[in-house]
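Participant: So that we are looking at the same thing, I have put the structure below in structure tokens.
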Amino acid sequence: MGKGQRSRGINKPSSAARLRTLYYRNSKIRAKRIPSYKKNLTANIQNTSEMNEYRRWNVDALKSFLRQRGLKSTGCKEDLVALVYSANVMKIPCKPDAVKENIKRGETYRQLLSSPDGSLPDPLNYLKCGWLGEKDGMSCWPPTMYFDIATYIMTLTELGDRHKQLVKRLMSDYKEGKAYSYFASNWTKEIFFHPISDNSRYCFLKAECTPSESVKSTPHTTWVSVEKLSGSILNAYCTCFAG
């Protein structure tokens, strides 16, 4: 690495630092460092009623505003005012509290268990027995192919901007043979099969997976609900934070 060069990710400014920078660029506190052609702009912003309103808040109110958005809430009052003002300019939303987040994740999880034939049993909490390992269950696996996996991922329109990136990464991994390398590296553990019932059109496949970025971490549990005859993927879930 050459002199004066820095690798990516090193000394990356925190969100609080970026917010302070935004504030100081639009205030008279650092007016001496701001070119003259910007002084009129900073003076106008400094005198806005919004800024004066924030200065009338007590420290506890400023800290509460920042904590609700997951931002740093330490420093002198002027720093807190800077962060609150900048958070408002950047329209940073409040983060859901733990209870609301758990409720939301629970609702999302229940939706993943829905099927055209009704709700499927929870493979993590309800189906405690009846799982077949690879030795006895592989012959029962549905005929799921790469095409079925790609088709399922391409239907995940709720991912928004991540959708295109995920599809692109999937295609790239397939061409480079990464799926097999993950398996050969034992990041994907033994795959278990559960028929749900003899009358069910669907079945579950379940396995533990070690994160490729952190092989020493505790493995996540993943499951996939698949149509037995066609091999079409109905839904999938992982116990990692992203789900």
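Letters for chains follow the order of the structure tokens (A, B, ...), residue numbers begin at 1 for each chain, and ligand numbers begin at 1 in the order shown.
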For A:Gln111, please output as a tab-separated table (two decimals) with N, CA and C atoms, in the first residue's frame all residues within 12 Å (counting only C-alpha atoms; exclusion window: fewer than 5 positions along the same chain).

Facilitator:
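Output saved as part11.tsv:
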chain	number	residue	atom	x	y	z
A	104	LYS	N	-43.57	-7.69	14.23
A	104	LYS	CA	-43.44	-7.62	12.78
A	104	LYS	C	-42.78	-8.87	12.23
A	105	ARG	N	-41.71	-9.32	12.89
A	105	ARG	CA	-41.04	-10.53	12.44
A	105	ARG	C	-41.94	-11.75	12.58
A	106	GLY	N	-42.77	-11.77	13.65
A	106	GLY	CA	-43.70	-12.88	13.84
A	106	GLY	C	-44.74	-12.93	12.74
A	116	PRO	N	-51.30	-22.53	-0.54
A	116	PRO	CA	-52.63	-22.62	-1.16
A	116	PRO	C	-53.56	-23.58	-0.45
A	118	GLY	N	-53.60	-23.97	2.85
A	118	GLY	CA	-53.76	-23.55	4.24
A	118	GLY	C	-52.41	-23.37	4.91
A	119	SER	N	-52.43	-23.13	6.20
A	119	SER	CA	-51.19	-22.86	6.93
A	119	SER	C	-50.42	-24.16	7.17
A	120	LEU	N	-49.11	-24.09	6.96
A	120	LEU	CA	-48.25	-25.23	7.22
A	120	LEU	C	-47.76	-25.20	8.67
A	121	PRO	N	-47.43	-26.34	9.25
A	121	PRO	CA	-46.92	-26.36	10.62
A	121	PRO	C	-45.53	-25.72	10.69
A	122	ASP	N	-45.21	-25.13	11.81
A	122	ASP	CA	-43.92	-24.49	12.00
A	122	ASP	C	-42.82	-25.57	12.09
A	234	LEU	N	-41.97	-23.02	-2.35
A	234	LEU	CA	-43.07	-22.19	-1.87
A	234	LEU	C	-42.53	-21.02	-1.05
A	235	ASN	N	-41.74	-21.32	-0.04
A	235	ASN	CA	-41.16	-20.28	0.81
A	235	ASN	C	-39.87	-20.79	1.43
A	236	ALA	N	-39.11	-19.87	2.01
A	236	ALA	CA	-37.86	-20.23	2.67
A	236	ALA	C	-37.62	-19.27	3.83
A	237	TYR	N	-36.85	-19.75	4.80
A	237	TYR	CA	-36.58	-18.92	5.99
A	237	TYR	C	-35.22	-19.29	6.58

Participant: Would you give me, as a list in words, the residues in stretch 45-225 of chain A that DSSP reads as strand (DSSP E or B)?

Facilitator: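 DSSP on the backbone gives strand (DSSP E or B) at Ser114, Ser115, Gly118, Ser119, Leu132, Thr188, Phe192, Phe193, His194, Tyr202, Cys203, Phe204, Leu205, Lys206, Ala207, Glu208, Cys209, His220, Thr221, Thr222, Trp223, Val224 and Ser225 of chain A.
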
Participant: Tell me, as JSON, numbers by chain, which residues lie within 12 Å of A:Ala61, counting only C-alpha atoms; anything in the same chain fewer than 5 positions away does not count.

Facilitator: {"A": [53, 54, 55, 56, 66, 67, 68, 73, 77, 80, 81, 84]}

Participant: Those same residues - all heavy atoms - I'd like them written as a compact mmCIF listing (two decimals), in the first residue's frame.

Facilitator:
# COMPACT_ATOMS: atom_id res chain seq x y z
N GLU A 53 -35.84 26.30 17.71
CA GLU A 53 -36.72 25.39 18.45
C GLU A 53 -35.90 24.26 19.07
O GLU A 53 -36.10 23.90 20.22
CB GLU A 53 -37.78 24.83 17.52
CG GLU A 53 -38.68 23.77 18.15
CD GLU A 53 -39.53 24.33 19.28
OE1 GLU A 53 -39.78 25.55 19.29
OE2 GLU A 53 -39.93 23.55 20.16
N TYR A 54 -34.96 23.70 18.32
CA TYR A 54 -34.13 22.63 18.84
C TYR A 54 -33.29 23.11 20.01
O TYR A 54 -33.03 22.36 20.95
CB TYR A 54 -33.22 22.05 17.74
CG TYR A 54 -33.97 21.34 16.65
CD1 TYR A 54 -33.53 21.39 15.32
CD2 TYR A 54 -35.11 20.61 16.93
CE1 TYR A 54 -34.21 20.73 14.32
CE2 TYR A 54 -35.80 19.95 15.93
CZ TYR A 54 -35.35 20.02 14.62
OH TYR A 54 -36.03 19.38 13.63
N ARG A 55 -32.83 24.34 19.96
CA ARG A 55 -32.01 24.87 21.06
C ARG A 55 -32.83 25.05 22.34
O ARG A 55 -32.25 25.12 23.42
CB ARG A 55 -31.39 26.19 20.64
CG ARG A 55 -30.27 26.05 19.61
CD ARG A 55 -29.39 27.29 19.55
NE ARG A 55 -28.27 27.08 18.65
CZ ARG A 55 -28.28 27.42 17.37
NH1 ARG A 55 -29.36 27.97 16.84
NH2 ARG A 55 -27.23 27.19 16.62
N ARG A 56 -34.13 25.16 22.19
CA ARG A 56 -34.97 25.31 23.39
C ARG A 56 -35.26 23.96 24.05
O ARG A 56 -35.76 23.91 25.16
CB ARG A 56 -36.29 26.02 23.03
CG ARG A 56 -36.12 27.51 22.79
CD ARG A 56 -37.48 28.21 22.79
NE ARG A 56 -38.22 27.91 21.59
CZ ARG A 56 -38.18 28.66 20.48
NH1 ARG A 56 -37.42 29.74 20.46
NH2 ARG A 56 -38.87 28.34 19.43
N LEU A 66 -32.64 11.32 19.50
CA LEU A 66 -31.56 10.61 18.81
C LEU A 66 -31.61 9.11 19.06
O LEU A 66 -31.39 8.31 18.15
CB LEU A 66 -30.22 11.19 19.27
CG LEU A 66 -29.96 12.65 18.88
CD1 LEU A 66 -28.72 13.18 19.59
CD2 LEU A 66 -29.83 12.81 17.38
N ARG A 67 -31.90 8.71 20.31
CA ARG A 67 -31.97 7.29 20.63
C ARG A 67 -33.07 6.60 19.83
O ARG A 67 -32.92 5.44 19.42
CB ARG A 67 -32.20 7.10 22.13
CG ARG A 67 -31.01 7.46 23.00
CD ARG A 67 -31.18 6.91 24.40
NE ARG A 67 -30.22 7.47 25.33
CZ ARG A 67 -30.47 8.44 26.20
NH1 ARG A 67 -31.70 8.95 26.27
NH2 ARG A 67 -29.54 8.88 27.02
N GLN A 68 -34.19 7.28 19.65
CA GLN A 68 -35.30 6.69 18.90
C GLN A 68 -34.92 6.39 17.46
O GLN A 68 -35.56 5.58 16.79
CB GLN A 68 -36.51 7.63 18.93
CG GLN A 68 -37.17 7.75 20.28
CD GLN A 68 -38.25 8.80 20.31
OE1 GLN A 68 -38.57 9.42 19.29
NE2 GLN A 68 -38.84 9.03 21.47
N SER A 73 -25.95 9.60 21.15
CA SER A 73 -26.61 10.63 21.96
C SER A 73 -25.70 11.16 23.06
O SER A 73 -26.16 11.48 24.15
CB SER A 73 -27.90 10.07 22.58
OG SER A 73 -27.62 8.93 23.38
N LYS A 77 -24.48 19.99 24.52
CA LYS A 77 -25.81 20.29 23.99
C LYS A 77 -25.75 20.76 22.55
O LYS A 77 -26.61 20.40 21.74
CB LYS A 77 -26.50 21.35 24.86
CG LYS A 77 -27.92 21.64 24.39
CD LYS A 77 -28.68 22.56 25.32
CE LYS A 77 -30.11 22.79 24.81
NZ LYS A 77 -30.90 23.64 25.72
N LEU A 80 -25.57 17.85 20.35
CA LEU A 80 -26.85 17.16 20.27
C LEU A 80 -27.81 17.91 19.36
O LEU A 80 -28.54 17.30 18.57
CB LEU A 80 -27.45 17.02 21.67
CG LEU A 80 -26.63 16.18 22.66
CD1 LEU A 80 -27.30 16.19 24.04
CD2 LEU A 80 -26.49 14.75 22.17
N VAL A 81 -27.80 19.24 19.46
CA VAL A 81 -28.64 20.05 18.57
C VAL A 81 -28.22 19.81 17.13
O VAL A 81 -29.07 19.70 16.23
CB VAL A 81 -28.52 21.55 18.93
CG1 VAL A 81 -29.19 22.42 17.86
CG2 VAL A 81 -29.15 21.83 20.29
N VAL A 84 -29.60 16.41 16.04
CA VAL A 84 -31.05 16.43 15.87
C VAL A 84 -31.43 17.17 14.60
O VAL A 84 -32.27 16.72 13.82
CB VAL A 84 -31.72 17.08 17.11
CG1 VAL A 84 -33.20 17.35 16.83
CG2 VAL A 84 -31.57 16.18 18.33

Participant: Quick one: everything within 12 Å of A:Ser225, counting only C-alpha atoms, minus sequence neighbours fewer than 5 positions away in the same chain. Send it as a ChimeraX atom specification.

Facilitator: /A:112-115,119-123,141-142,144,149,152,193-196,200-206,231-237

Participant: Could you dump the residues just selected with C-alpha atoms as a PDB file, in the first residue's frame?

Facilitator:
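Dumped to out.pdb:
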ATOM      1  CA  LEU A 112     -44.061 -17.735   5.154  1.00  0.00           C
ATOM      2  CA  LEU A 113     -45.995 -20.706   6.541  1.00  0.00           C
ATOM      3  CA  SER A 114     -49.046 -20.008   4.396  1.00  0.00           C
ATOM      4  CA  SER A 115     -49.798 -22.168   1.358  1.00  0.00           C
ATOM      5  CA  SER A 119     -51.193 -22.859   6.928  1.00  0.00           C
ATOM      6  CA  LEU A 120     -48.246 -25.233   7.224  1.00  0.00           C
ATOM      7  CA  PRO A 121     -46.916 -26.360  10.621  1.00  0.00           C
ATOM      8  CA  ASP A 122     -43.916 -24.486  11.999  1.00  0.00           C
ATOM      9  CA  PRO A 123     -40.863 -26.656  11.167  1.00  0.00           C
ATOM     10  CA  TRP A 141     -36.466 -35.173  -1.737  1.00  0.00           C
ATOM     11  CA  PRO A 142     -38.567 -33.285  -4.311  1.00  0.00           C
ATOM     12  CA  THR A 144     -35.934 -29.155  -7.070  1.00  0.00           C
ATOM     13  CA  ILE A 149     -34.331 -21.754  -6.978  1.00  0.00           C
ATOM     14  CA  TYR A 152     -38.283 -18.426  -6.417  1.00  0.00           C
ATOM     15  CA  PHE A 193     -36.510 -34.000   5.126  1.00  0.00           C
ATOM     16  CA  HIS A 194     -39.985 -33.867   6.657  1.00  0.00           C
ATOM     17  CA  PRO A 195     -43.105 -34.950   4.697  1.00  0.00           C
ATOM     18  CA  ILE A 196     -45.453 -32.976   7.006  1.00  0.00           C
ATOM     19  CA  SER A 200     -49.721 -32.832   2.249  1.00  0.00           C
ATOM     20  CA  ARG A 201     -48.681 -31.510  -1.140  1.00  0.00           C
ATOM     21  CA  TYR A 202     -45.667 -29.885   0.476  1.00  0.00           C
ATOM     22  CA  CYS A 203     -42.651 -30.951   2.475  1.00  0.00           C
ATOM     23  CA  PHE A 204     -39.851 -29.272   4.388  1.00  0.00           C
ATOM     24  CA  LEU A 205     -36.096 -29.413   3.886  1.00  0.00           C
ATOM     25  CA  LYS A 206     -34.030 -28.157   6.813  1.00  0.00           C
ATOM     26  CA  GLY A 231     -40.071 -29.327  -6.802  1.00  0.00           C
ATOM     27  CA  SER A 232     -41.336 -25.726  -6.865  1.00  0.00           C
ATOM     28  CA  ILE A 233     -40.233 -23.688  -3.858  1.00  0.00           C
ATOM     29  CA  LEU A 234     -43.069 -22.190  -1.866  1.00  0.00           C
ATOM     30  CA  ASN A 235     -41.158 -20.275   0.810  1.00  0.00           C
ATOM     31  CA  ALA A 236     -37.863 -20.232   2.674  1.00  0.00           C
ATOM     32  CA  TYR A 237     -36.577 -18.920   5.994  1.00  0.00           C
TER      33      TYR A 237
END

Participant: Between atom CA of A:Ala207 and atom CA of A:Lys189, measure the distance and give it in Å to one decimal.

Facilitator: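 Separation of atom CA of A:Ala207 and atom CA of A:Lys189: 5.9 Å.
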
Participant: For atom CA of A:Asn88 and atom CA of A:Phe65, quote the distance in Å rounded to one decimal.

Facilitator: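 Result for atom CA of A:Asn88 versus atom CA of A:Phe65: 10.0 Å, one decimal.
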
Participant: DSSP says helix (DSSP H, G or I) for which residues of stretch 173-207 of chain A? Put them as a list in words?

Facilitator: Asp173, Tyr174, Lys175, Glu176, Lys178, Ala179, Tyr180, Ser181, Tyr182, Phe183 and Ala184 of chain A

Participant: Take the residues from that selection and write them out as a JSON list (two decimals), in the first residue's frame, keeping C-alpha atoms.

Facilitator:
[["chain", "number", "residue", "atom", "x", "y", "z"],
["A", 173, "ASP", "CA", -22.48, -17.75, -7.96],
["A", 174, "TYR", "CA", -24.01, -20.40, -10.20],
["A", 175, "LYS", "CA", -21.62, -19.67, -13.07],
["A", 176, "GLU", "CA", -18.62, -19.74, -10.73],
["A", 178, "LYS", "CA", -19.90, -21.34, -5.61],
["A", 179, "ALA", "CA", -22.97, -23.32, -4.56],
["A", 180, "TYR", "CA", -20.97, -26.54, -4.75],
["A", 181, "SER", "CA", -17.97, -24.96, -3.04],
["A", 182, "TYR", "CA", -20.20, -23.95, -0.10],
["A", 183, "PHE", "CA", -21.37, -27.54, 0.16],
["A", 184, "ALA", "CA", -17.88, -29.00, -0.27]]

Participant: Would you mind telling me which residue in A:Ile191, A:Ile153, A:Phe147, A:Glu107 lies nearest to A:Leu132 when using only C-alpha atoms?

Facilitator: A:Ile191

Participant: So, counting only C-alpha atoms, which residue among A:Leu170, A:Met154, A:Cys94, A:Cys140 is closest to A:Arg69?

Facilitator: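 Closest candidate: A:Cys94.
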